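Listing of coords.txt, compact mmCIF, C-alpha atoms
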```txt
# COMPACT_ATOMS: atom_id res chain seq x y z
CA MET A 697 0.00 0.00 0.00
CA PRO A 698 1.39 3.46 -0.87
CA ASP A 699 2.17 5.98 1.84
CA PHE A 700 -0.39 8.65 2.67
CA PRO A 701 0.24 11.63 0.40
CA PHE A 702 -0.32 14.06 3.31
CA GLN A 703 0.89 14.23 6.91
CA ARG A 704 -0.99 17.22 8.34
CA VAL A 705 -4.71 17.05 7.61
CA ALA A 706 -7.26 19.68 8.64
CA ILE A 707 -10.96 18.84 8.34
CA VAL A 708 -13.34 21.78 8.53
CA GLY A 709 -16.61 20.33 9.79
CA LEU A 710 -16.75 17.04 11.71
CA GLY A 711 -20.24 15.87 10.86
CA LEU A 712 -21.06 12.56 9.19
CA ILE A 713 -18.77 13.08 6.18
CA GLY A 714 -15.90 15.01 7.74
CA GLY A 715 -16.06 12.95 10.93
CA SER A 716 -15.89 9.75 8.89
CA VAL A 717 -12.71 11.02 7.20
CA ALA A 718 -11.19 11.59 10.63
CA LYS A 719 -12.27 8.14 11.86
CA ALA A 720 -11.00 6.51 8.65
CA LEU A 721 -7.60 8.14 9.20
CA ARG A 722 -7.51 6.78 12.73
CA ALA A 723 -8.52 3.28 11.57
CA ALA A 724 -5.75 3.37 8.95
CA ASP A 725 -3.14 4.07 11.67
CA PHE A 726 -2.42 7.46 10.15
CA SER A 727 0.75 8.69 11.85
CA GLY A 728 0.37 12.35 10.97
CA THR A 729 -1.56 15.17 12.60
CA VAL A 730 -5.34 15.55 12.31
CA TRP A 731 -7.05 18.83 13.11
CA GLY A 732 -10.81 19.27 13.19
CA VAL A 733 -12.56 22.63 12.98
CA VAL A 734 -15.92 22.62 14.76
CA ALA A 735 -18.67 25.16 15.38
CA ASP A 736 -18.00 25.98 19.04
CA LYS A 737 -16.42 24.85 22.29
CA GLU A 738 -19.45 22.73 23.22
CA GLU A 739 -19.17 20.69 20.02
CA ALA A 740 -15.44 20.32 20.66
CA ARG A 741 -16.19 18.98 24.14
CA ARG A 742 -18.65 16.39 22.77
CA ILE A 743 -16.18 15.24 20.11
CA ARG A 744 -13.31 14.93 22.58
CA LYS A 745 -15.53 12.76 24.76
CA ALA A 746 -16.54 10.58 21.80
CA ALA A 747 -12.95 10.32 20.50
CA GLY A 748 -11.70 8.86 23.78
CA LYS A 749 -7.95 8.29 23.85
CA TRP A 750 -7.47 9.35 20.24
CA GLN A 751 -5.71 12.70 20.22
CA ILE A 752 -7.49 14.68 17.52
CA LYS A 753 -6.72 18.38 17.73
CA LEU A 754 -9.82 20.59 17.76
CA SER A 755 -10.47 24.26 17.19
CA HIS A 756 -13.57 26.40 16.68
CA VAL A 757 -11.63 28.87 14.49
CA LEU A 758 -9.77 28.19 11.26
CA ALA A 759 -6.30 29.62 11.88
CA PRO A 760 -4.71 27.07 14.27
CA ALA A 761 -5.91 24.12 12.20
CA LEU A 762 -4.98 25.46 8.77
CA GLN A 763 -1.66 27.20 9.25
CA ASP A 764 0.50 24.04 9.08
CA ALA A 765 -1.83 21.75 7.10
CA ASP A 766 -0.70 20.17 3.85
CA LEU A 767 -4.30 19.06 3.16
CA VAL A 768 -7.50 20.92 4.05
CA ILE A 769 -10.85 19.19 3.52
CA LEU A 770 -13.90 21.46 3.65
CA ALA A 771 -16.84 19.42 4.93
CA THR A 772 -19.33 22.22 5.48
CA PRO A 773 -22.57 22.97 3.52
CA PRO A 774 -21.97 24.43 0.04
CA GLN A 775 -22.84 28.05 0.80
CA VAL A 776 -20.79 28.00 4.02
CA LEU A 777 -17.90 26.33 2.19
CA MET A 778 -17.81 28.97 -0.54
CA ALA A 779 -17.97 31.75 2.06
CA GLN A 780 -15.04 30.12 3.92
CA LEU A 781 -12.78 29.70 0.88
CA PRO A 782 -11.31 33.24 0.79
CA GLU A 783 -10.25 32.96 4.46
CA VAL A 784 -8.89 29.46 3.84
CA VAL A 785 -6.74 30.84 1.02
CA ARG A 786 -5.42 33.56 3.33
CA LEU A 787 -4.50 31.08 6.08
CA VAL A 788 -3.06 28.01 4.32
CA SER A 789 0.51 27.56 3.20
CA PRO A 790 1.25 28.22 -0.49
CA THR A 791 1.80 24.49 -1.09
CA ALA A 792 -1.26 23.09 0.73
CA VAL A 793 -3.91 21.16 -1.20
CA VAL A 794 -7.53 22.12 -0.50
CA SER A 795 -10.47 19.85 -1.29
CA ASP A 796 -14.12 19.50 -0.37
CA VAL A 797 -16.89 16.91 -0.10
CA ALA A 798 -19.91 18.95 -1.21
CA SER A 799 -22.83 17.45 -3.12
CA ILE A 800 -22.68 20.20 -5.76
CA LYS A 801 -19.56 20.80 -7.78
CA ALA A 802 -19.75 23.44 -10.52
CA PRO A 803 -19.81 26.62 -8.36
CA VAL A 804 -17.43 25.09 -5.80
CA ALA A 805 -14.91 23.91 -8.40
CA GLN A 806 -14.98 27.25 -10.23
CA LEU A 807 -14.45 29.32 -7.08
CA GLY A 808 -11.77 26.96 -5.79
CA ALA A 809 -9.86 27.13 -9.07
CA GLN A 810 -10.19 30.91 -9.14
CA LEU A 811 -8.71 31.24 -5.65
CA LEU A 812 -6.26 28.32 -5.49
CA GLY A 813 -5.63 27.19 -9.05
CA ASP A 814 -4.59 23.56 -9.41
CA ARG A 815 -4.23 23.19 -5.64
CA PHE A 816 -8.02 22.96 -5.25
CA VAL A 817 -9.51 19.53 -6.00
CA ALA A 818 -13.31 19.36 -6.01
CA ALA A 819 -14.57 16.01 -4.70
CA HIS A 820 -17.81 14.32 -3.68
CA PRO A 821 -17.97 10.97 -1.85
CA LEU A 822 -21.23 9.22 -2.77
CA VAL A 823 -22.07 8.36 0.81
CA GLY A 824 -24.41 9.77 3.42
CA GLY A 825 -27.35 9.13 5.65
CA GLU A 826 -30.11 10.87 7.51
CA LYS A 827 -28.14 10.85 10.79
CA THR A 828 -25.76 13.72 11.34
CA GLY A 829 -22.89 14.74 13.57
CA PHE A 830 -19.62 13.17 14.67
CA SER A 831 -21.47 10.43 16.55
CA ALA A 832 -22.96 9.24 13.24
CA ALA A 833 -19.56 9.14 11.50
CA ARG A 834 -18.18 5.69 10.64
CA LYS A 835 -14.61 4.59 10.08
CA ARG A 836 -15.57 2.30 7.18
CA LEU A 837 -17.97 4.70 5.48
CA TYR A 838 -15.68 5.00 2.44
CA GLN A 839 -14.84 1.30 2.11
CA GLY A 840 -16.23 0.31 -1.30
CA ALA A 841 -17.72 3.77 -1.78
CA ARG A 842 -17.48 5.83 -4.95
CA VAL A 843 -15.75 9.21 -4.75
CA ILE A 844 -16.19 11.60 -7.65
CA LEU A 845 -13.35 13.98 -8.50
CA THR A 846 -14.33 16.89 -10.73
CA PRO A 847 -11.26 18.78 -11.94
CA LEU A 848 -11.64 21.57 -14.43
CA PRO A 849 -10.56 20.65 -17.99
CA ASP A 850 -7.09 22.26 -17.79
CA GLN A 851 -6.26 21.24 -14.21
CA ALA A 852 -2.76 19.80 -13.77
CA GLY A 853 -2.32 16.47 -12.06
CA GLY A 854 -0.20 16.84 -8.90
CA ALA A 855 -2.88 17.67 -6.33
CA LEU A 856 -5.46 15.67 -8.27
CA GLU A 857 -3.37 12.50 -8.14
CA ALA A 858 -2.64 13.02 -4.44
CA MET A 859 -6.37 13.22 -3.70
CA ARG A 860 -6.99 10.13 -5.82
CA THR A 861 -4.47 8.24 -3.68
CA PHE A 862 -5.91 9.70 -0.47
CA TRP A 863 -9.42 8.36 -1.11
CA GLN A 864 -8.20 5.05 -2.49
CA MET A 865 -6.37 4.39 0.78
CA PHE A 866 -9.79 4.24 2.47
CA GLY A 867 -10.98 1.64 -0.04
CA ALA A 868 -12.90 4.04 -2.28
CA THR A 869 -13.32 3.76 -6.05
CA ILE A 870 -12.58 6.97 -7.96
CA ILE A 871 -14.84 8.34 -10.71
CA GLN A 872 -13.75 11.43 -12.64
CA MET A 873 -16.09 13.74 -14.53
CA THR A 874 -16.67 17.42 -15.17
CA PRO A 875 -18.37 19.50 -12.46
CA GLU A 876 -21.33 20.20 -14.73
CA ALA A 877 -21.87 16.51 -15.56
CA HIS A 878 -21.71 15.72 -11.85
CA ASP A 879 -24.35 18.29 -10.94
CA TYR A 880 -26.75 17.15 -13.66
CA ALA A 881 -26.38 13.49 -12.67
CA LEU A 882 -26.63 14.09 -8.92
CA ALA A 883 -29.76 16.17 -9.40
CA ALA A 884 -31.38 12.99 -10.79
CA THR A 885 -29.91 10.44 -8.39
CA SER A 886 -29.88 12.39 -5.13
CA HIS A 887 -31.16 15.95 -5.09
CA VAL A 888 -34.61 15.47 -6.65
CA PRO A 889 -35.27 12.25 -4.66
CA HIS A 890 -34.56 14.21 -1.46
CA LEU A 891 -36.85 17.02 -2.60
CA LEU A 892 -39.66 14.56 -3.37
CA ALA A 893 -39.33 12.83 0.00
CA PHE A 894 -39.38 16.12 1.90
CA ALA A 895 -42.27 17.49 -0.21
CA TYR A 896 -44.40 14.36 0.15
CA MET A 897 -44.02 14.32 3.93
CA ALA A 898 -44.76 18.06 4.06
CA GLY A 899 -47.98 17.26 2.19
CA LEU A 900 -48.99 14.86 4.95
CA GLU A 901 -48.65 17.55 7.58
CA GLY A 902 -51.88 17.79 9.52
CA GLN A 903 -52.70 14.14 8.85
CA ALA A 904 -49.86 12.60 10.85
CA ASP A 905 -51.99 12.05 13.95
CA VAL A 906 -54.42 9.95 11.93
CA LEU A 907 -51.88 8.17 9.71
CA GLN A 908 -48.95 7.48 12.01
CA GLN A 909 -50.36 4.21 13.32
CA LEU A 910 -50.95 2.99 9.76
CA ALA A 911 -47.52 3.69 8.30
CA GLY A 912 -45.69 0.64 6.97
CA GLY A 913 -42.41 -0.22 5.30
CA GLY A 914 -43.27 1.55 2.06
CA LEU A 915 -43.62 4.97 3.67
CA ARG A 916 -40.65 4.28 5.94
CA ASP A 917 -38.32 3.42 3.05
CA PHE A 918 -39.59 6.18 0.75
CA SER A 919 -39.43 8.89 3.41
CA ARG A 920 -36.20 7.90 5.15
CA ILE A 921 -34.16 10.66 3.54
CA ALA A 922 -36.71 13.25 4.66
CA ALA A 923 -35.19 12.76 8.13
CA SER A 924 -32.04 14.51 6.82
CA ASP A 925 -31.01 18.04 7.76
CA PRO A 926 -33.45 20.43 6.01
CA ARG A 927 -31.01 23.35 6.09
CA LEU A 928 -28.30 21.36 4.34
CA TRP A 929 -30.68 20.11 1.68
CA ALA A 930 -32.22 23.52 1.07
CA ASP A 931 -28.66 24.75 0.47
CA ILE A 932 -27.86 21.90 -1.95
CA LEU A 933 -31.13 22.24 -3.87
CA TRP A 934 -30.74 25.99 -4.18
CA GLU A 935 -27.15 25.86 -5.42
CA ASN A 936 -28.05 23.18 -8.01
CA ARG A 937 -31.48 24.57 -8.82
CA ALA A 938 -31.07 24.67 -12.63
CA ALA A 939 -30.38 20.94 -12.90
CA VAL A 940 -32.95 20.14 -10.21
CA ARG A 941 -35.65 22.00 -12.16
CA GLN A 942 -34.84 20.06 -15.32
CA HIS A 943 -35.28 16.69 -13.61
CA LEU A 944 -38.26 17.92 -11.61
CA SER A 945 -40.02 18.80 -14.89
CA THR A 946 -39.59 15.18 -16.01
CA VAL A 947 -41.08 13.93 -12.75
CA GLN A 948 -44.03 16.31 -13.09
CA ARG A 949 -44.71 15.09 -16.63
CA THR A 950 -44.62 11.47 -15.46
CA LEU A 951 -46.94 12.17 -12.53
CA GLY A 952 -49.27 14.08 -14.84
CA ALA A 953 -49.40 11.08 -17.17
CA ALA A 954 -50.19 8.79 -14.21
CA GLU A 955 -52.99 11.11 -13.10
CA ARG A 956 -54.51 11.05 -16.59
CA MET A 957 -54.33 7.22 -16.61
CA LEU A 958 -56.22 7.08 -13.32
CA ALA A 959 -58.76 9.66 -14.47
CA GLY A 960 -59.26 7.84 -17.76
CA ASN A 961 -59.59 4.38 -16.19
CA ASP A 962 -56.60 3.21 -18.23
CA ALA A 963 -55.40 0.33 -16.05
CA GLN A 964 -53.15 -1.14 -18.73
CA ALA A 965 -51.28 2.12 -19.26
CA LEU A 966 -50.79 2.42 -15.51
CA ASN A 967 -49.45 -1.13 -15.35
CA ASP A 968 -47.08 -0.36 -18.22
CA LEU A 969 -45.80 2.76 -16.43
CA LEU A 970 -45.09 0.83 -13.22
CA GLY A 971 -43.37 -1.90 -15.22
CA ARG A 972 -41.10 0.66 -16.85
CA GLY A 973 -40.21 1.98 -13.42
CA GLN A 974 -39.41 -1.49 -12.12
CA ARG A 975 -37.24 -2.35 -15.12
CA CYS A 976 -35.36 0.94 -14.87
CA ARG A 977 -34.61 0.38 -11.19
CA GLN A 978 -33.22 -3.08 -11.94
CA GLN A 979 -30.54 -1.45 -14.11
CA PHE A 980 -29.07 0.47 -11.18
CA GLN A 981 -26.24 -0.83 -9.03
CA PHE A 982 -26.63 0.48 -5.52
CA PRO A 983 -23.67 0.59 -3.09
CA PRO A 984 -23.65 -1.62 0.00
CA VAL A 985 -24.82 -0.19 3.31
CA HIS A 986 -22.07 -0.12 5.93
CA SER A 987 -22.69 -0.07 9.65
```
Rewrite the coordinates I just gave you, this time as structure tokens.
Amino acid sequence: MPDFPFQRVAIVGLGLIGGSVAKALRAADFSGTVWGVVADKEEARRIRKAAGKWQIKLSHVLAPALQDADLVILATPPQVLMAQLPEVVRLVSPTAVVSDVASIKAPVAQLGAQLLGDRFVAAHPLVGGEKTGFSAARKRLYQGARVILTPLPDQAGGALEAMRTFWQMFGATIIQMTPEAHDYALAATSHVPHLLAFAYMAGLEGQADVLQQLAGGGLRDFSRIAASDPRLWADILWENRAAVRQHLSTVQRTLGAAERMLAGNDAQALNDLLGRGQRCRQQFQFPPVHS
């Protein structure tokens, strides 16, 4: 196994994704320094308690964590991340690599390249869950996961190859595509599904008292992602709103067709629509769920 390409890692945001990077480094017997930047002293206290004997360095401001880092991973929501980038540039060394884990890539990659050039590597691990915080983070979250790297077309390879090695050392498979292709694809496979789950449950508001005792596995499985952080998902949907609207239009057309089938008593057409949905789902390869 190759050596880690970095020895001083700073992770800004120790929620599910950033916290899992920290725990993966610990599980891999990483011998370097790990800093975590958290919201406040209370969060730092909770993480220190959860970390036990592991000596992760914590700060609720950027400067101490970033000044000596050779890798900075921004694991904050997209709008927060982009607001943080100018200060990150001011604080990091001129040789440090900066990356991220955001679910949208085009605006992040463009701003990162503008401020840091080839030293910014836009990335998105295709992992997640409705639980949040450091306590939800898992050391094997990236084992067998797919991590998308989205360099700009003219980006040179030094930092990019280092980040490829970094994620591969956790057992991840690397996919490379343009930021725009990423955002269009993720709108279909993640962003719109989250929007639909949240919107459907919002539509049941006021009926929960009557329906809660009748909910079964179908509603549980469909609505699971509506237990996610609404603020984070509002941020993601807003930043990727052009691609989300394109896919949402397709969903609306399909639902409109289903409504016309029901109104027109066209049972065969409805059956055909459901069959198409089943066959399409069978073409997808979903990642394993890790505990």
Neighbour list for Ile871 (chain A) as a PyMOL selection string, cut-off 7 Å, only C-alpha atoms, skip fewer than 2 positions in-chain: chain A and resi 842-845+869+873
If you count only C-alpha atoms, which residues fall within 9 Å of region 879-889 of chain A, apart from same-chain ones fewer than 6 positions away, as a list in words? Ser799, Ile800, Lys801, Ala802, Ile921, Trp929, Ile932, Leu933, Asn936, Arg937, Ala938, Ala939, Val940, Arg941, Gln942, His943 and Leu944 of chain A
Please produce an output containing C-alpha atoms for each residue in the selection, written as a PDB file, in the frame of the given file.
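Result written to out.pdb:
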```pdb
ATOM      1  CA  SER A 799     -22.830  17.450  -3.120  1.00  0.00           C
ATOM      2  CA  ILE A 800     -22.680  20.200  -5.760  1.00  0.00           C
ATOM      3  CA  LYS A 801     -19.560  20.800  -7.780  1.00  0.00           C
ATOM      4  CA  ALA A 802     -19.750  23.440 -10.520  1.00  0.00           C
ATOM      5  CA  ILE A 921     -34.160  10.660   3.540  1.00  0.00           C
ATOM      6  CA  TRP A 929     -30.680  20.110   1.680  1.00  0.00           C
ATOM      7  CA  ILE A 932     -27.860  21.900  -1.950  1.00  0.00           C
ATOM      8  CA  LEU A 933     -31.130  22.240  -3.870  1.00  0.00           C
ATOM      9  CA  ASN A 936     -28.050  23.180  -8.010  1.00  0.00           C
ATOM     10  CA  ARG A 937     -31.480  24.570  -8.820  1.00  0.00           C
ATOM     11  CA  ALA A 938     -31.070  24.670 -12.630  1.00  0.00           C
ATOM     12  CA  ALA A 939     -30.380  20.940 -12.900  1.00  0.00           C
ATOM     13  CA  VAL A 940     -32.950  20.140 -10.210  1.00  0.00           C
ATOM     14  CA  ARG A 941     -35.650  22.000 -12.160  1.00  0.00           C
ATOM     15  CA  GLN A 942     -34.840  20.060 -15.320  1.00  0.00           C
ATOM     16  CA  HIS A 943     -35.280  16.690 -13.610  1.00  0.00           C
ATOM     17  CA  LEU A 944     -38.260  17.920 -11.610  1.00  0.00           C
TER      18      LEU A 944
END
```
For the atom pair CA of Ala895 (chain A) and CA of Gly709 (chain A), what is the interatomic distance in Å to one decimal place?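 CA of Ala895 (chain A) sits 27.7 Å away from CA of Gly709 (chain A).
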Top pick for closest residue to Glu857 (chain A), considering A:Phe702, A:Gly732, A:Ala740, A:Ser755 and counting all atoms listed in the file: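 Closest to Glu857 (chain A), using all atoms listed in the file: A:Phe702.
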List the neighbours of region 848-855 of chain A out to 10 Å using all atoms listed in the file; skip same-chain residues closer than 4 positions along the sequence, and give me the result as a ChimeraX atom specification. /A:701,767,791-795,802,805-806,809,813-818,859-861,873-876
Per-residue nearest contacts of region 796-842 of chain A to region 720-730 of chain A (12 Å; all atoms listed in the file) as a Markdown table:
```
| residue | atom | partner | partner_atom | distance |
| --- | --- | --- | --- | --- |
| A:Ala833 | CA | A:Ala720 | CA | 9.4 |
| A:Arg834 | CA | A:Ala720 | CA | 7.5 |
| A:Lys835 | CA | A:Ala720 | CA | 4.3 |
| A:Arg836 | CA | A:Ala720 | CA | 6.4 |
| A:Leu837 | CA | A:Ala720 | CA | 7.9 |
| A:Tyr838 | CA | A:Ala720 | CA | 7.9 |
| A:Gln839 | CA | A:Ala720 | CA | 9.2 |
```
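Here CA of Phe866 (chain A) and CA of Val717 (chain A) stand 8.8 Å from one another.
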For the point (-48.2, 3.5, -14.9) in file coordinates, what residues are within 12 Å, counting only C-alpha atoms? Give the answer as a PyMOL selection string? chain A and resi 950-958+961-974
Could you write out the selected residues, including C-alpha atoms, as a PDB file, in the frame of the given file?
```
ATOM      1  CA  THR A 950     -44.620  11.470 -15.460  1.00  0.00           C
ATOM      2  CA  LEU A 951     -46.940  12.170 -12.530  1.00  0.00           C
ATOM      3  CA  GLY A 952     -49.270  14.080 -14.840  1.00  0.00           C
ATOM      4  CA  ALA A 953     -49.400  11.080 -17.170  1.00  0.00           C
ATOM      5  CA  ALA A 954     -50.190   8.790 -14.210  1.00  0.00           C
ATOM      6  CA  GLU A 955     -52.990  11.110 -13.100  1.00  0.00           C
ATOM      7  CA  ARG A 956     -54.510  11.050 -16.590  1.00  0.00           C
ATOM      8  CA  MET A 957     -54.330   7.220 -16.610  1.00  0.00           C
ATOM      9  CA  LEU A 958     -56.220   7.080 -13.320  1.00  0.00           C
ATOM     10  CA  ASN A 961     -59.590   4.380 -16.190  1.00  0.00           C
ATOM     11  CA  ASP A 962     -56.600   3.210 -18.230  1.00  0.00           C
ATOM     12  CA  ALA A 963     -55.400   0.330 -16.050  1.00  0.00           C
ATOM     13  CA  GLN A 964     -53.150  -1.140 -18.730  1.00  0.00           C
ATOM     14  CA  ALA A 965     -51.280   2.120 -19.260  1.00  0.00           C
ATOM     15  CA  LEU A 966     -50.790   2.420 -15.510  1.00  0.00           C
ATOM     16  CA  ASN A 967     -49.450  -1.130 -15.350  1.00  0.00           C
ATOM     17  CA  ASP A 968     -47.080  -0.360 -18.220  1.00  0.00           C
ATOM     18  CA  LEU A 969     -45.800   2.760 -16.430  1.00  0.00           C
ATOM     19  CA  LEU A 970     -45.090   0.830 -13.220  1.00  0.00           C
ATOM     20  CA  GLY A 971     -43.370  -1.900 -15.220  1.00  0.00           C
ATOM     21  CA  ARG A 972     -41.100   0.660 -16.850  1.00  0.00           C
ATOM     22  CA  GLY A 973     -40.210   1.980 -13.420  1.00  0.00           C
ATOM     23  CA  GLN A 974     -39.410  -1.490 -12.120  1.00  0.00           C
TER      24      GLN A 974
END
```
A:Thr846, A:Gln908, A:Gln763, A:Ser919: which is nearest Glu826 (chain A), counting only C-alpha atoms? A:Ser919
Determine, counting all atoms listed in the file, every residue of protein, DNA or RNA that lies within 12 Å of (-39.8, 7.9, 3.7) in the file coordinates, then give the result as a PyMOL selection string. chain A and resi 826+889-898+900+911-924
Those selected residues, please, written with C-alpha atoms and delivered as a PDB file, in the coordinates of the input.
```
ATOM      1  CA  GLU A 826     -30.110  10.870   7.510  1.00  0.00           C
ATOM      2  CA  PRO A 889     -35.270  12.250  -4.660  1.00  0.00           C
ATOM      3  CA  HIS A 890     -34.560  14.210  -1.460  1.00  0.00           C
ATOM      4  CA  LEU A 891     -36.850  17.020  -2.600  1.00  0.00           C
ATOM      5  CA  LEU A 892     -39.660  14.560  -3.370  1.00  0.00           C
ATOM      6  CA  ALA A 893     -39.330  12.830   0.000  1.00  0.00           C
ATOM      7  CA  PHE A 894     -39.380  16.120   1.900  1.00  0.00           C
ATOM      8  CA  ALA A 895     -42.270  17.490  -0.210  1.00  0.00           C
ATOM      9  CA  TYR A 896     -44.400  14.360   0.150  1.00  0.00           C
ATOM     10  CA  MET A 897     -44.020  14.320   3.930  1.00  0.00           C
ATOM     11  CA  ALA A 898     -44.760  18.060   4.060  1.00  0.00           C
ATOM     12  CA  LEU A 900     -48.990  14.860   4.950  1.00  0.00           C
ATOM     13  CA  ALA A 911     -47.520   3.690   8.300  1.00  0.00           C
ATOM     14  CA  GLY A 912     -45.690   0.640   6.970  1.00  0.00           C
ATOM     15  CA  GLY A 913     -42.410  -0.220   5.300  1.00  0.00           C
ATOM     16  CA  GLY A 914     -43.270   1.550   2.060  1.00  0.00           C
ATOM     17  CA  LEU A 915     -43.620   4.970   3.670  1.00  0.00           C
ATOM     18  CA  ARG A 916     -40.650   4.280   5.940  1.00  0.00           C
ATOM     19  CA  ASP A 917     -38.320   3.420   3.050  1.00  0.00           C
ATOM     20  CA  PHE A 918     -39.590   6.180   0.750  1.00  0.00           C
ATOM     21  CA  SER A 919     -39.430   8.890   3.410  1.00  0.00           C
ATOM     22  CA  ARG A 920     -36.200   7.900   5.150  1.00  0.00           C
ATOM     23  CA  ILE A 921     -34.160  10.660   3.540  1.00  0.00           C
ATOM     24  CA  ALA A 922     -36.710  13.250   4.660  1.00  0.00           C
ATOM     25  CA  ALA A 923     -35.190  12.760   8.130  1.00  0.00           C
ATOM     26  CA  SER A 924     -32.040  14.510   6.820  1.00  0.00           C
TER      27      SER A 924
END
```
Find the residues around Ala706 (chain A) up to 8 Å (all atoms listed in the file counted), leave out those fewer than 3 positions away in its own chain, and share them as a VMD selection string. chain A and resid 730 to 733 761 to 762 765 767 to 769
When you draw a straight line from CA of Glu935 (chain A) to CA of Phe862 (chain A), how long is it in Å?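 CA of Glu935 (chain A) sits 27.1 Å away from CA of Phe862 (chain A).
For the residues A:Thr946, A:Gln981, A:Gln780, A:Gln872, ranking by smallest atom-to-atom distance to Val804 (chain A) using all atoms listed in the file places A:Gln780 first.
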Out of A:Ala858, A:Gln810, A:Glu901, A:Ala735, which residue has the shortest atom-to-atom distance to Pro782 (chain A) when counting only C-alpha atoms? A:Gln810
